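A quick write-up on the structure given underneath.
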Amino acid sequence: MSYLDIKSKDIQPIVDELNTLLADYNLYYQNLRGYHWNVSGKNFFDLHIKFEELYTDARIKIDEIAERILTLRHNPTSEFSKYFEMSSIKETSSLIADTDMVDHILDQHEILLKQMNKVIKKAEAGGDEGTIDMIGGYIGEIEKVSWMLDAWSKE
């Protein structure tokens, strides 16, 4: 069955960028879990719930990205040792102030958005409309959440 209308030479660069995004999302997810577990202070109720929403969304996106790679007939990277090598997002301590947690999330969103734009460029070059559509939706969602977190952090 040939359901892909993408030249095989154009698929590998898309998969490479998707695997990097997968690594980024895995580190982002784990950082969010740590923030959720360790947030404290007067903003506890707001942020505890928000961090859970964010890591739940990230968990879904991790699966969708991996499945997109499989749809492109490649294998997603699944080893954390490789994620650490590939990702521009780094582990962060969750034993920090709640406002610092939000600042770290916004920094990580910037990294995710840059990587998503790399994915889009490779997908456009290869004519991969499925990946463009999926990642385009992610970009809009992250931009909206970033705006909300930025608004929350204002004095």
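Ordering of the structure tokens sets the chain letters (A, B, ...), residue numbers begin anew at 1 in every chain, and ligands are numbered from 1 in the order given.
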
query = Quick one: residues within 10 Å of Asp10 of chain A, only C-alpha atoms counted, chain neighbours fewer than 4 positions away excluded, as a PyMOL selection string?
reply = chain A and resi 6+14-15+122-128

Determine, for each residue of segment 71-102 of chain A having at least one atom at most 8 Å from an atom of segment 31-49 of chain A, the closest pair of atoms and their separation in Å to one decimal, counting only C-alpha atoms; order by chain and ascending number, as a tab-separated table.
```
residue	atom	partner	partner_atom	distance
A:Glu91	CA	A:Asn31	CA	6.4
A:Thr92	CA	A:Asn31	CA	6.2
A:Ser93	CA	A:Gly34	CA	7.7
A:Ser94	CA	A:Tyr35	CA	5.1
A:Leu95	CA	A:Asn38	CA	6.5
A:Ala97	CA	A:Val39	CA	7.5
A:Asp98	CA	A:Val39	CA	5.9
A:Met101	CA	A:Tyr35	CA	6.6
```

message = Applying 9 Å and only C-alpha atoms, which residues near segment 144-151 of chain A remain after dropping the ones on its own chain fewer than 2 positions away? List them as a PyMOL selection string.
response = chain A and resi 54+102-103+105-106+109-110+139-142+153-155

For N, CA, C and O atoms, I'd like the residues from the last selection saved as a short mmCIF file (atom, residue, chain, number, x, y, z; two decimals), in the first residue's frame.
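Here's the written file selection-v1.cif:
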```
data_model
loop_
_atom_site.label_atom_id
_atom_site.label_comp_id
_atom_site.auth_asym_id
_atom_site.auth_seq_id
_atom_site.Cartn_x
_atom_site.Cartn_y
_atom_site.Cartn_z
N LEU A 54 -0.73 20.87 31.24
CA LEU A 54 0.37 20.95 30.28
C LEU A 54 1.06 19.61 30.08
O LEU A 54 1.36 19.23 28.94
N VAL A 102 7.42 28.90 35.87
CA VAL A 102 6.72 29.46 34.72
C VAL A 102 7.72 30.05 33.73
O VAL A 102 7.58 29.85 32.51
N ASP A 103 8.74 30.74 34.23
CA ASP A 103 9.77 31.28 33.34
C ASP A 103 10.47 30.17 32.57
O ASP A 103 10.72 30.30 31.36
N ILE A 105 9.22 27.24 31.80
CA ILE A 105 8.26 26.72 30.82
C ILE A 105 8.23 27.62 29.59
O ILE A 105 8.25 27.13 28.45
N LEU A 106 8.20 28.92 29.80
CA LEU A 106 8.20 29.84 28.66
C LEU A 106 9.48 29.70 27.83
O LEU A 106 9.42 29.73 26.60
N HIS A 109 9.07 26.60 25.84
CA HIS A 109 8.13 26.83 24.73
C HIS A 109 8.85 27.47 23.55
O HIS A 109 8.59 27.12 22.39
N GLU A 110 9.75 28.38 23.83
CA GLU A 110 10.53 29.01 22.76
C GLU A 110 11.33 27.97 21.99
O GLU A 110 11.38 27.97 20.76
N ILE A 139 1.72 24.55 17.06
CA ILE A 139 2.28 25.90 17.17
C ILE A 139 1.23 26.86 17.74
O ILE A 139 1.51 27.61 18.69
N GLY A 140 0.03 26.83 17.19
CA GLY A 140 -1.03 27.70 17.69
C GLY A 140 -1.34 27.46 19.16
O GLY A 140 -1.55 28.40 19.93
N GLU A 141 -1.36 26.20 19.56
CA GLU A 141 -1.65 25.86 20.96
C GLU A 141 -0.56 26.37 21.90
O GLU A 141 -0.85 26.94 22.95
N ILE A 142 0.69 26.14 21.53
CA ILE A 142 1.80 26.58 22.41
C ILE A 142 1.88 28.09 22.48
O ILE A 142 2.17 28.65 23.53
N SER A 153 2.25 35.83 34.70
CA SER A 153 3.48 36.22 35.40
C SER A 153 3.67 37.73 35.55
O SER A 153 4.61 38.17 36.21
N LYS A 154 2.78 38.52 34.97
CA LYS A 154 2.87 39.98 35.09
C LYS A 154 2.52 40.41 36.51
O LYS A 154 1.70 39.79 37.17
N GLU A 155 3.12 41.48 36.94
CA GLU A 155 2.84 42.03 38.28
C GLU A 155 1.49 42.68 38.33
O GLU A 155 1.02 43.30 37.46
#
```

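Separating atom CA of Thr131 of chain A from atom CA of Ser87 of chain A is a distance of 19.6 Å.
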
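Interatomic distance, atom CA of Met134 of chain A against atom CA of Ile89 of chain A: 21.1 Å.
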
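Distance-wise, atom CA of Lys50 of chain A and atom CA of Tyr28 of chain A end up 14.3 Å apart.
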
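Distance check against Asn26 of chain A using only C-alpha atoms: of A:Thr99, A:Asn117, A:Thr71, A:Thr56, the minimum falls on A:Thr56.
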
message = Give me, as number ranges by chain, the residues of chain A that a backbone DSSP run labels helix (DSSP H, G or I).
response = A: 8-38, 44-71, 80-86, 98-126, 129-152

task = Identify which of the residues A:Asp24, A:Ser8, A:His104, A:Asp57 lies closest to Phe80 of chain A, counting only C-alpha atoms when measuring atom-to-atom distances.
result = A:Asp24

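Near Glu67 of chain A, within a cut-off of 12 Å and counting only C-alpha atoms, sit the residues Val15, Leu18, Asn19, Leu22, Ile60, Lys61, Ile62, Asp63, Glu64, Leu70, Thr71, Leu72, Arg73, His74, Asn75, Pro76, Thr77, Gly130, Thr131 and Met134 of chain A, with same-chain residues fewer than 3 positions away left out.
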
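Minimum atom-to-atom distances from A:Gln115, A:Ala23, A:Ala58, A:Ile135 to Phe84 of chain A were compared using only C-alpha atoms, and the lowest value belongs to A:Ala23.
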